[in-house]
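See below for data_29.cif, which holds mmCIF, C-alpha atoms and all ligand atoms.
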data_entry
#
loop_
_atom_site.label_atom_id
_atom_site.label_comp_id
_atom_site.auth_asym_id
_atom_site.auth_seq_id
_atom_site.Cartn_x
_atom_site.Cartn_y
_atom_site.Cartn_z
CA MET A 1 18.50 -39.79 -3.56
CA SER A 2 19.93 -39.32 -0.08
CA SER A 3 21.45 -36.32 1.65
CA GLU A 4 22.74 -35.33 5.06
CA ASN A 5 19.39 -33.54 5.59
CA GLU A 6 17.44 -36.73 5.09
CA TYR A 7 14.59 -37.11 7.57
CA THR A 8 12.96 -40.33 8.65
CA PRO A 9 9.47 -39.49 9.94
CA PRO A 10 8.64 -41.06 13.32
CA ASN A 11 5.48 -43.15 13.60
CA VAL A 12 3.63 -40.22 15.17
CA TRP A 13 4.29 -36.56 14.32
CA LYS A 14 4.89 -34.33 17.35
CA TYR A 15 4.46 -30.57 17.62
CA ASP A 16 7.72 -28.84 18.58
CA GLU A 17 7.16 -25.10 19.12
CA SER A 18 10.86 -24.35 18.86
CA GLU A 19 10.88 -25.63 15.27
CA ALA A 20 8.30 -23.14 14.05
CA GLY A 21 10.89 -20.74 12.53
CA LYS A 22 10.03 -17.30 11.12
CA TRP A 23 6.28 -17.77 11.58
CA ALA A 24 6.50 -19.04 15.18
CA LYS A 25 3.38 -17.12 16.21
CA THR A 26 1.35 -18.23 13.20
CA ASN A 27 2.16 -21.89 12.77
CA ARG A 28 0.24 -24.14 15.14
CA PRO A 29 -1.37 -27.54 14.55
CA TYR A 30 -4.76 -26.38 15.86
CA SER A 31 -7.34 -23.69 15.14
CA GLY A 32 -9.34 -21.26 17.26
CA PRO A 33 -8.65 -18.10 19.29
CA THR A 34 -5.64 -17.71 21.57
CA HIS A 35 -6.86 -14.57 23.34
CA GLU A 36 -9.91 -12.39 23.94
CA LYS A 37 -9.96 -9.15 21.96
CA LYS A 38 -12.76 -7.40 20.12
CA LEU A 39 -12.22 -5.91 16.69
CA THR A 40 -12.22 -2.13 16.34
CA ARG A 41 -15.11 -0.86 14.22
CA GLY A 42 -15.55 2.28 12.12
CA ASN A 43 -18.63 3.92 10.59
CA HIS A 44 -18.45 2.85 6.95
CA PRO A 45 -20.65 0.13 5.42
CA PHE A 46 -17.71 -2.30 5.18
CA GLN A 47 -15.16 -3.20 7.83
CA LEU A 48 -12.02 -4.86 6.46
CA TYR A 49 -9.37 -6.60 8.57
CA SER A 50 -6.31 -7.36 6.51
CA LEU A 51 -2.65 -6.88 5.66
CA ALA A 52 -1.03 -5.87 2.34
CA THR A 53 0.16 -9.36 1.40
CA PRO A 54 -0.99 -10.55 -2.06
CA ASN A 55 -4.15 -12.06 -0.54
CA GLY A 56 -4.84 -8.82 1.32
CA GLN A 57 -4.19 -6.67 -1.77
CA LYS A 58 -7.04 -8.40 -3.59
CA ALA A 59 -9.60 -6.96 -1.15
CA THR A 60 -8.20 -3.42 -0.97
CA ILE A 61 -7.76 -3.19 -4.76
CA MET A 62 -11.38 -4.33 -5.17
CA PHE A 63 -12.67 -1.66 -2.78
CA GLU A 64 -10.60 1.05 -4.44
CA GLU A 65 -11.85 -0.06 -7.89
CA LEU A 66 -15.47 0.13 -6.70
CA LEU A 67 -14.90 3.61 -5.28
CA GLU A 68 -13.13 4.61 -8.51
CA LEU A 69 -16.33 3.60 -10.33
CA GLY A 70 -18.23 6.08 -8.13
CA ILE A 71 -19.89 3.41 -5.95
CA THR A 72 -19.92 5.32 -2.68
CA ASP A 73 -21.85 2.51 -0.94
CA ALA A 74 -18.55 0.60 -1.06
CA GLU A 75 -16.87 2.91 1.46
CA TYR A 76 -14.78 0.94 3.90
CA ASP A 77 -12.66 1.14 7.01
CA ALA A 78 -9.51 -0.99 6.82
CA TYR A 79 -7.63 -2.17 9.89
CA THR A 80 -4.26 -3.93 9.90
CA ILE A 81 -4.04 -7.45 11.27
CA ASP A 82 -0.44 -8.15 12.23
CA ILE A 83 -0.11 -11.84 11.40
CA GLY A 84 3.48 -11.95 12.69
CA GLU A 85 2.14 -10.96 16.11
CA GLY A 86 -0.75 -13.45 16.04
CA THR A 87 -3.57 -10.85 15.82
CA GLN A 88 -5.48 -13.24 13.54
CA PHE A 89 -6.01 -15.46 16.60
CA SER A 90 -7.94 -12.83 18.61
CA SER A 91 -11.50 -13.84 19.52
CA GLY A 92 -12.91 -10.95 17.45
CA PHE A 93 -11.05 -11.96 14.29
CA VAL A 94 -11.83 -15.67 14.69
CA GLU A 95 -15.54 -14.76 14.91
CA ILE A 96 -15.41 -13.36 11.38
CA ASN A 97 -12.89 -15.89 10.04
CA PRO A 98 -12.62 -19.20 11.90
CA ASN A 99 -9.68 -20.00 9.59
CA SER A 100 -7.62 -17.13 11.16
CA LYS A 101 -6.26 -15.74 7.91
CA ILE A 102 -6.48 -12.31 6.34
CA PRO A 103 -8.41 -10.83 4.59
CA ALA A 104 -11.76 -10.90 6.41
CA LEU A 105 -14.69 -8.56 5.96
CA ILE A 106 -17.95 -7.50 7.62
CA ASP A 107 -20.82 -6.06 5.57
CA THR A 108 -22.65 -3.93 8.16
CA THR A 109 -25.44 -2.91 5.77
CA THR A 110 -27.34 -6.19 6.00
CA ASP A 111 -29.46 -7.52 8.84
CA PRO A 112 -27.95 -9.69 10.18
CA GLN A 113 -24.52 -8.47 9.17
CA VAL A 114 -22.61 -10.73 6.82
CA ARG A 115 -19.08 -12.00 7.48
CA VAL A 116 -16.98 -12.78 4.42
CA PHE A 117 -13.68 -14.63 4.51
CA GLU A 118 -11.42 -16.10 1.82
CA SER A 119 -10.21 -13.46 -0.63
CA GLY A 120 -11.98 -15.15 -3.56
CA SER A 121 -15.26 -15.10 -1.66
CA ILE A 122 -14.75 -11.41 -0.82
CA LEU A 123 -14.20 -10.55 -4.51
CA GLN A 124 -17.23 -12.59 -5.55
CA TYR A 125 -19.42 -11.09 -2.79
CA LEU A 126 -18.57 -7.50 -3.71
CA ALA A 127 -18.92 -8.16 -7.45
CA ASP A 128 -22.36 -9.72 -6.84
CA LYS A 129 -23.46 -7.02 -4.43
CA PHE A 130 -22.57 -4.14 -6.76
CA ASP A 131 -23.10 -6.03 -9.99
CA THR A 132 -19.78 -4.99 -11.46
CA LEU A 133 -16.27 -6.23 -12.28
CA ILE A 134 -17.76 -9.57 -13.31
CA PRO A 135 -19.33 -10.14 -16.74
CA SER A 136 -23.13 -10.59 -16.77
CA ASP A 137 -23.33 -13.05 -19.67
CA ILE A 138 -23.23 -16.63 -18.26
CA LYS A 139 -20.44 -17.78 -20.59
CA ALA A 140 -18.17 -14.83 -19.86
CA LYS A 141 -19.07 -14.93 -16.15
CA THR A 142 -18.10 -18.60 -15.98
CA GLU A 143 -14.77 -17.91 -17.68
CA CYS A 144 -14.13 -15.18 -15.09
CA ARG A 145 -14.98 -17.59 -12.25
CA ASN A 146 -12.83 -20.32 -13.82
CA TRP A 147 -9.80 -18.07 -13.44
CA LEU A 148 -10.83 -16.83 -10.01
CA MET A 149 -10.99 -20.42 -8.77
CA TRP A 150 -7.78 -21.25 -10.63
CA GLN A 151 -6.03 -18.53 -8.66
CA MET A 152 -7.35 -19.81 -5.33
CA GLY A 153 -6.04 -23.29 -6.10
CA ALA A 154 -2.80 -22.30 -7.84
CA ALA A 155 -1.38 -19.52 -5.64
CA PRO A 156 -0.67 -21.74 -2.61
CA PHE A 157 1.93 -23.53 -4.78
CA LEU A 158 3.53 -20.15 -5.48
CA GLY A 159 3.19 -18.74 -1.93
CA GLY A 160 3.15 -21.69 0.44
CA GLY A 161 5.37 -23.75 -1.84
CA PHE A 162 7.87 -21.72 -3.86
CA GLY A 163 7.86 -18.55 -1.70
CA HIS A 164 8.13 -20.48 1.52
CA PHE A 165 11.08 -22.64 0.52
CA TYR A 166 12.88 -20.01 -1.61
CA ALA A 167 12.49 -17.02 0.74
CA TYR A 168 11.42 -18.05 4.25
CA ALA A 169 12.52 -21.58 5.16
CA PRO A 170 15.41 -21.67 7.66
CA GLU A 171 17.50 -23.72 5.19
CA LYS A 172 17.60 -23.67 1.39
CA LEU A 173 16.62 -27.16 0.28
CA GLU A 174 17.07 -28.08 -3.36
CA TYR A 175 14.24 -30.58 -3.68
CA PRO A 176 11.29 -28.36 -2.62
CA ILE A 177 12.75 -25.27 -4.34
CA ASN A 178 13.07 -27.25 -7.59
CA ARG A 179 9.64 -28.74 -7.29
CA TYR A 180 7.85 -25.45 -6.64
CA ALA A 181 9.97 -23.40 -9.07
CA MET A 182 8.90 -25.89 -11.76
CA GLU A 183 5.22 -25.53 -10.85
CA THR A 184 5.45 -21.73 -10.60
CA LYS A 185 7.05 -21.55 -14.06
CA ARG A 186 4.37 -23.87 -15.44
CA GLN A 187 1.71 -21.51 -14.05
CA LEU A 188 3.48 -18.46 -15.53
CA ASP A 189 3.68 -20.21 -18.91
CA LEU A 190 -0.04 -20.98 -18.71
CA LEU A 191 -0.86 -17.33 -17.99
CA ASN A 192 1.53 -16.15 -20.70
CA LYS A 193 -0.14 -18.32 -23.34
CA HIS A 194 -3.59 -17.20 -22.17
CA LEU A 195 -2.63 -13.54 -22.31
CA VAL A 196 -1.33 -13.76 -25.90
CA GLU A 197 -4.95 -13.66 -27.02
CA ASN A 198 -6.64 -11.97 -24.09
CA LYS A 199 -6.11 -8.37 -23.01
CA PHE A 200 -7.37 -9.24 -19.52
CA ILE A 201 -7.71 -12.58 -17.77
CA ALA A 202 -11.40 -13.03 -18.53
CA GLY A 203 -11.20 -11.56 -22.04
CA ASP A 204 -11.72 -7.95 -23.11
CA GLU A 205 -12.77 -6.56 -19.74
CA TYR A 206 -10.96 -6.02 -16.48
CA SER A 207 -12.61 -8.17 -13.79
CA ILE A 208 -12.25 -9.82 -10.39
CA ALA A 209 -10.13 -12.49 -12.12
CA ASP A 210 -7.44 -9.85 -12.77
CA ILE A 211 -7.82 -8.51 -9.24
CA ALA A 212 -7.28 -12.02 -7.83
CA ILE A 213 -4.34 -12.98 -10.04
CA TRP A 214 -2.35 -9.73 -10.28
CA PRO A 215 -1.23 -9.48 -6.60
CA TRP A 216 0.49 -12.88 -6.90
CA TYR A 217 1.63 -13.35 -10.50
CA GLY A 218 1.76 -9.65 -11.45
CA ASN A 219 3.90 -8.77 -8.47
CA LEU A 220 6.09 -11.81 -9.17
CA VAL A 221 6.94 -10.79 -12.75
CA LEU A 222 7.37 -7.15 -11.69
CA GLY A 223 10.08 -8.33 -9.27
CA LYS A 224 8.06 -7.41 -6.18
CA LEU A 225 7.58 -10.87 -4.70
CA TYR A 226 10.31 -13.00 -3.09
CA ASP A 227 13.01 -11.17 -5.10
CA ALA A 228 12.74 -14.10 -7.51
CA ALA A 229 12.43 -12.39 -10.91
CA GLU A 230 15.91 -13.42 -12.08
CA PHE A 231 15.74 -16.92 -10.59
CA LEU A 232 12.46 -17.62 -12.39
CA GLN A 233 13.55 -15.76 -15.57
CA VAL A 234 10.29 -13.79 -15.68
CA ASP A 235 11.29 -12.10 -18.97
CA ASP A 236 10.33 -15.42 -20.59
CA TYR A 237 6.69 -14.41 -19.96
CA PRO A 238 6.33 -11.11 -21.90
CA TYR A 239 2.54 -11.22 -22.10
CA VAL A 240 2.25 -11.64 -18.32
CA LYS A 241 4.62 -8.68 -17.92
CA ARG A 242 2.59 -6.56 -20.36
CA TRP A 243 -0.59 -7.33 -18.43
CA ALA A 244 1.08 -6.83 -15.03
CA GLU A 245 2.48 -3.42 -16.03
CA MET A 246 -0.87 -2.28 -17.42
CA ILE A 247 -2.71 -3.20 -14.22
CA ALA A 248 -0.03 -1.66 -11.99
CA GLU A 249 -0.85 1.70 -13.67
CA ARG A 250 -4.49 1.72 -12.54
CA PRO A 251 -5.11 4.44 -9.93
CA ALA A 252 -7.20 2.06 -7.79
CA VAL A 253 -4.40 -0.52 -7.80
CA LYS A 254 -1.87 2.13 -6.81
CA ARG A 255 -4.08 3.09 -3.86
CA GLY A 256 -5.11 -0.47 -2.96
CA ILE A 257 -1.56 -1.74 -2.48
CA ARG A 258 -0.88 1.06 0.04
CA VAL A 259 -3.71 0.01 2.38
CA ASN A 260 -2.73 -2.08 5.43
CA ASN A 261 0.84 -1.83 4.25
CA THR A 262 3.10 -1.58 7.29
CA TRP A 263 6.42 -1.83 5.40
CA ALA A 264 6.14 0.64 2.46
CA ASP A 265 7.10 4.28 3.05
CA ASP A 266 3.72 5.43 1.71
CA GLY A 267 1.73 2.61 3.38
CA LEU A 268 -1.42 3.21 5.44
CA THR A 269 -1.84 1.13 8.59
CA GLU A 270 -5.51 2.06 8.59
CA ARG A 271 -7.69 3.48 5.83
CA HIS A 272 -10.88 5.41 6.55
CA SER A 273 -11.29 7.84 3.67
CA SER A 274 -9.88 8.76 0.26
CA ALA A 275 -8.16 11.70 1.96
CA ASP A 276 -5.88 9.23 3.77
CA PHE A 277 -3.96 8.77 0.52
CA ASP A 278 -3.03 12.48 0.18
N1 LIG A 301 -7.10 -18.80 0.90
C1 LIG A 301 -6.97 -17.68 1.77
C2 LIG A 301 -5.53 -17.54 2.19
C3 LIG A 301 -5.33 -16.40 3.13
C4 LIG A 301 -3.93 -16.42 3.73
O1 LIG A 301 -3.18 -17.39 3.58
N2 LIG A 301 -3.60 -15.35 4.45
C5 LIG A 301 -2.30 -15.30 5.09
C6 LIG A 301 -1.55 -14.03 4.72
S1 LIG A 301 -1.30 -13.93 2.98
C7 LIG A 301 -2.51 -15.28 6.60
O2 LIG A 301 -3.41 -14.63 7.10
N3 LIG A 301 -1.67 -15.99 7.34
C8 LIG A 301 -1.74 -16.01 8.76
C9 LIG A 301 -1.67 -17.40 9.31
O3 LIG A 301 -1.50 -18.34 8.51
O4 LIG A 301 -1.77 -17.55 10.53
C10 LIG A 301 -7.45 -16.41 1.06
O5 LIG A 301 -7.23 -16.32 -0.15
O6 LIG A 301 -8.05 -15.54 1.71
#
As structure tokens, how would this structure be written, given the file I've shared?
Ligand SMILES: N[C@@H](CCC(=O)N[C@@H](CS)C(=O)NCC(=O)O)C(=O)O
Amino acid sequence: MSSENEYTPPNVWKYDESEAGKWAKTNRPYSGPTHEKKLTRGNHPFQLYSLATPNGQKATIMFEELLELGITDAEYDAYTIDIGEGTQFSSGFVEINPNSKIPALIDTTTDPQVRVFESGSILQYLADKFDTLIPSDIKAKTECRNWLMWQMGAAPFLGGGFGHFYAYAPEKLEYPINRYAMETKRQLDLLNKHLVENKFIAGDEYSIADIAIWPWYGNLVLGKLYDAAEFLQVDDYPYVKRWAEMIAERPAVKRGIRVNNTWADDGLTERHSSADFD
């Protein structure tokens, strides 16, 4: 197959800043801080630095679910990290996540304090710490972790693959859109088949597996991600839709998706108490 867009890679790839497109401030071929800036800190046990993207929603939904369960030790301050402006490259943020990606968390109740990065690690840490939202029986717990790890491996094909080429890339290219639409639909079909027999992802109980998967695949079938519901024919996955709608109704989920949300009318740039939602 050849096209007028065909690209012959040179022997050595070169970094061209002008080619970086929509994410010019975020895409660089190296890691580490770009500027000195400390993180702001509040008084609650947990300090969260995030943004209401699907990966960020996992952390804020988890905190709101813990608080909904009456676990007041899970009180948190949430600060917005503006990834379009490159705030994830400040020295303070890089100290808690050398990978410069939201969400990142500090548990201030331990000595020394614990940094937690990677949304899956944050969910696992909080579930372990408060002994909830993960089954205790080893078989059920493993099934929950299976799906948690599945999400961490699968979602980059949806976000970095499909979402990038369908919604963000400067030109619409058929090959990558086809490739990642195919993989996204395969993943949706997998979830749909799984949810025929399971009320929640890990079985009968709501768990961190649902909290990890819903922000990506739930939002997608509810038409809230990449405006791609028609393109991907999400009505073909009725069990994913049933599950997504059920989870969207949870009070903690309704609150969680408002935190660090700088684009929704009811979004909260920072969250310090339950009263912020009033
Ligand atoms: N595997 C990571 C992915 C986190 C991630 O990709 N975060 C994005 C926003 S959704 C980010 O911070 N991007 C900023 C950048 O790439 O510089 C996780 O699940 O925490």
Subject >> Residues within 12 Å of segment 65-71 of chain A, all atoms listed in the file, excluding chain neighbours under 5 positions, as a ChimeraX atom specification >> reply: /A:45,57-60,76,123,126-127,129-134,206-208,210-211,247,250-257,273-274
Listing only residues of chain A within 8 Å of ligand LIG 301 (chain A), what is the closest atom pair and its distance in Å (to one decimal) for each, using all atoms listed in the file, sorted by chain and residue number ascending, as CSV?
residue,atom,partner,partner_atom,distance
A:Lys25,CA,A:LIG301,O4,7.7
A:Thr26,CA,A:LIG301,O4,4.2
A:Asn27,CA,A:LIG301,O4,6.3
A:Ser50,CA,A:LIG301,O2,7.8
A:Leu51,CA,A:LIG301,C6,7.3
A:Thr53,CA,A:LIG301,S1,5.1
A:Pro54,CA,A:LIG301,S1,6.1
A:Asn55,CA,A:LIG301,S1,4.9
A:Gly56,CA,A:LIG301,S1,6.4
A:Ile83,CA,A:LIG301,C8,5.2
A:Gly84,CA,A:LIG301,C8,7.7
A:Gly86,CA,A:LIG301,O4,6.9
A:Gln88,CA,A:LIG301,O4,6.4
A:Phe89,CA,A:LIG301,O4,7.7
A:Ser100,CA,A:LIG301,O4,5.9
A:Lys101,CA,A:LIG301,O2,3.2
A:Ile102,CA,A:LIG301,O2,3.9
A:Pro103,CA,A:LIG301,O6,5.5
A:Ala104,CA,A:LIG301,O6,7.6
A:Phe117,CA,A:LIG301,O6,6.4
A:Glu118,CA,A:LIG301,O6,3.4
A:Ser119,CA,A:LIG301,O6,3.8
A:Gly120,CA,A:LIG301,O5,6.0
A:Ser121,CA,A:LIG301,O6,8.0
A:Met152,CA,A:LIG301,O5,6.2
A:Pro156,CA,A:LIG301,N1,7.9
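Proximity ranking of A:Asn11, A:Gln233, A:Thr72, A:Asn260 relative to Asp189 of chain A places A:Gln233 first, based on all atoms listed in the file.
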**OP:** Please identify all polymer residues within 10 Å of Ser91 of chain A, counting all atoms listed in the file, omitting same-chain residues fewer than 4 positions from it, and present them as a list in words.
**Re:** Gly32, Pro33, Thr34, His35, Glu36, Lys37, Lys38, Leu39, Thr87, Glu95, Ile96, Asn97, Pro98 and Ser100 of chain A
Spatial neighbours of Val114 of chain A, max dist 9 Å, all atoms listed in the file, sep filter under 6 positions, as a PDB file with C-alpha atoms, in the coordinates of the input:
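Printed below is around27.pdb as written:
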ATOM      1  CA  ILE A  96     -15.410 -13.360  11.380  1.00  0.00           C
ATOM      2  CA  LEU A 105     -14.690  -8.560   5.960  1.00  0.00           C
ATOM      3  CA  ILE A 106     -17.950  -7.500   7.620  1.00  0.00           C
ATOM      4  CA  ASP A 107     -20.820  -6.060   5.570  1.00  0.00           C
ATOM      5  CA  THR A 108     -22.650  -3.930   8.160  1.00  0.00           C
TER       6      THR A 108
END
Subject >> Between atom CA of Tyr226 of chain A and atom CA of Pro170 of chain A - distance in Å to one decimal >> reply: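 Distance reported for this atom pair: 14.7 Å.
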Subject >> Of the listed residues A:Glu6, A:Glu230, A:Asp278, A:Glu64, that which approaches Asp266 of chain A most closely, counting all atoms listed in the file >> reply: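 Of all the options, A:Asp278 lies closest to Asp266 of chain A.
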Applying 9 Å and only C-alpha atoms, which residues near Lys193 of chain A remain after dropping the ones on its own chain fewer than 4 positions away? List them as a PDB file with C-alpha atoms, in the frame of the given file.
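Produced file around_21.pdb, reproduced below:
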ATOM      1  CA  LEU A 188       3.480 -18.460 -15.530  1.00  0.00           C
ATOM      2  CA  ASP A 189       3.680 -20.210 -18.910  1.00  0.00           C
ATOM      3  CA  GLU A 197      -4.950 -13.660 -27.020  1.00  0.00           C
ATOM      4  CA  TYR A 237       6.690 -14.410 -19.960  1.00  0.00           C
ATOM      5  CA  TYR A 239       2.540 -11.220 -22.100  1.00  0.00           C
ATOM      6  CA  VAL A 240       2.250 -11.640 -18.320  1.00  0.00           C
TER       7      VAL A 240
END
Original post:
So how far away is atom CA of Gly160 of chain A from atom CA of Trp216 of chain A, in Å?
Top reply: 11.8 Å
Original post:
Hey, which of A:Tyr180, A:Trp150, A:Tyr168, A:Trp214 ends up closest to Asp227 of chain A? Count only C-alpha atoms.
Top reply: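 So, comparing all the options, the nearest one is A:Tyr168.
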**OP:** Using only C-alpha atoms, find the one residue out of A:Leu48, A:Ile81, A:Ala202, A:Ala154 that sits nearest to Arg115 of chain A.
**Re:** A:Leu48
Subject >> Residue among A:Ile213, A:Ala275, A:Leu268, A:Leu225 lying closest to Met149 of chain A, counting only C-alpha atoms >> reply: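 Selected residue with least distance to Met149 of chain A: A:Ile213.
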Original post:
If we count all atoms listed in the file, what is near Arg271 of chain A at a cut-off of 7 Å, once residues fewer than 6 positions away on the same chain are taken out, given as a ChimeraX atom specification?
Top reply: /A:77-79,259
Original post:
Expressed in Å to a single decimal, how great is the separation between atom CA of Gly92 of chain A and atom CA of Val116 of chain A?
Top reply: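 So the answer is 13.8 Å.
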Rebuild segment 123-140 of chain A so that it carries N, CA and C atoms, then output the result as a PDB file, in the frame of the given file.
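Wrote out_16.pdb, looks like this:
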ATOM      1  N   LEU A 123     -14.093 -11.139  -3.156  1.00  0.00           N
ATOM      2  CA  LEU A 123     -14.200 -10.550  -4.510  1.00  0.00           C
ATOM      3  C   LEU A 123     -15.563 -10.896  -5.121  1.00  0.00           C
ATOM      4  N   GLN A 124     -15.963 -12.148  -4.982  1.00  0.00           N
ATOM      5  CA  GLN A 124     -17.230 -12.590  -5.550  1.00  0.00           C
ATOM      6  C   GLN A 124     -18.403 -11.866  -4.874  1.00  0.00           C
ATOM      7  N   TYR A 125     -18.339 -11.741  -3.549  1.00  0.00           N
ATOM      8  CA  TYR A 125     -19.420 -11.090  -2.790  1.00  0.00           C
ATOM      9  C   TYR A 125     -19.603  -9.638  -3.247  1.00  0.00           C
ATOM     10  N   LEU A 126     -18.484  -8.917  -3.344  1.00  0.00           N
ATOM     11  CA  LEU A 126     -18.570  -7.500  -3.710  1.00  0.00           C
ATOM     12  C   LEU A 126     -18.999  -7.339  -5.166  1.00  0.00           C
ATOM     13  N   ALA A 127     -18.509  -8.229  -6.033  1.00  0.00           N
ATOM     14  CA  ALA A 127     -18.920  -8.160  -7.450  1.00  0.00           C
ATOM     15  C   ALA A 127     -20.417  -8.432  -7.576  1.00  0.00           C
ATOM     16  N   ASP A 128     -20.919  -9.408  -6.811  1.00  0.00           N
ATOM     17  CA  ASP A 128     -22.360  -9.720  -6.840  1.00  0.00           C
ATOM     18  C   ASP A 128     -23.163  -8.561  -6.273  1.00  0.00           C
ATOM     19  N   LYS A 129     -22.697  -8.048  -5.142  1.00  0.00           N
ATOM     20  CA  LYS A 129     -23.460  -7.020  -4.430  1.00  0.00           C
ATOM     21  C   LYS A 129     -23.611  -5.757  -5.283  1.00  0.00           C
ATOM     22  N   PHE A 130     -22.528  -5.379  -5.981  1.00  0.00           N
ATOM     23  CA  PHE A 130     -22.570  -4.140  -6.760  1.00  0.00           C
ATOM     24  C   PHE A 130     -22.716  -4.388  -8.252  1.00  0.00           C
ATOM     25  N   ASP A 131     -22.854  -5.657  -8.599  1.00  0.00           N
ATOM     26  CA  ASP A 131     -23.100  -6.030  -9.990  1.00  0.00           C
ATOM     27  C   ASP A 131     -22.087  -5.391 -10.943  1.00  0.00           C
ATOM     28  N   THR A 132     -20.822  -5.559 -10.608  1.00  0.00           N
ATOM     29  CA  THR A 132     -19.780  -4.990 -11.460  1.00  0.00           C
ATOM     30  C   THR A 132     -18.490  -5.791 -11.311  1.00  0.00           C
ATOM     31  N   LEU A 133     -17.584  -5.562 -12.246  1.00  0.00           N
ATOM     32  CA  LEU A 133     -16.270  -6.230 -12.280  1.00  0.00           C
ATOM     33  C   LEU A 133     -16.392  -7.744 -12.429  1.00  0.00           C
ATOM     34  N   ILE A 134     -17.557  -8.178 -12.891  1.00  0.00           N
ATOM     35  CA  ILE A 134     -17.760  -9.570 -13.310  1.00  0.00           C
ATOM     36  C   ILE A 134     -18.721  -9.502 -14.496  1.00  0.00           C
ATOM     37  N   PRO A 135     -18.433 -10.231 -15.585  1.00  0.00           N
ATOM     38  CA  PRO A 135     -19.330 -10.140 -16.740  1.00  0.00           C
ATOM     39  C   PRO A 135     -20.736 -10.640 -16.383  1.00  0.00           C
ATOM     40  N   SER A 136     -21.765 -10.142 -17.083  1.00  0.00           N
ATOM     41  CA  SER A 136     -23.130 -10.590 -16.770  1.00  0.00           C
ATOM     42  C   SER A 136     -23.538 -11.804 -17.614  1.00  0.00           C
ATOM     43  N   ASP A 137     -23.020 -11.908 -18.809  1.00  0.00           N
ATOM     44  CA  ASP A 137     -23.330 -13.050 -19.670  1.00  0.00           C
ATOM     45  C   ASP A 137     -22.777 -14.349 -19.044  1.00  0.00           C
ATOM     46  N   ILE A 138     -23.586 -15.411 -19.004  1.00  0.00           N
ATOM     47  CA  ILE A 138     -23.230 -16.630 -18.260  1.00  0.00           C
ATOM     48  C   ILE A 138     -21.911 -17.250 -18.743  1.00  0.00           C
ATOM     49  N   LYS A 139     -21.670 -17.168 -20.065  1.00  0.00           N
ATOM     50  CA  LYS A 139     -20.440 -17.780 -20.590  1.00  0.00           C
ATOM     51  C   LYS A 139     -19.213 -16.994 -20.112  1.00  0.00           C
ATOM     52  N   ALA A 140     -19.302 -15.681 -20.261  1.00  0.00           N
ATOM     53  CA  ALA A 140     -18.170 -14.830 -19.860  1.00  0.00           C
ATOM     54  C   ALA A 140     -17.995 -14.855 -18.336  1.00  0.00           C
TER      55      ALA A 140
END
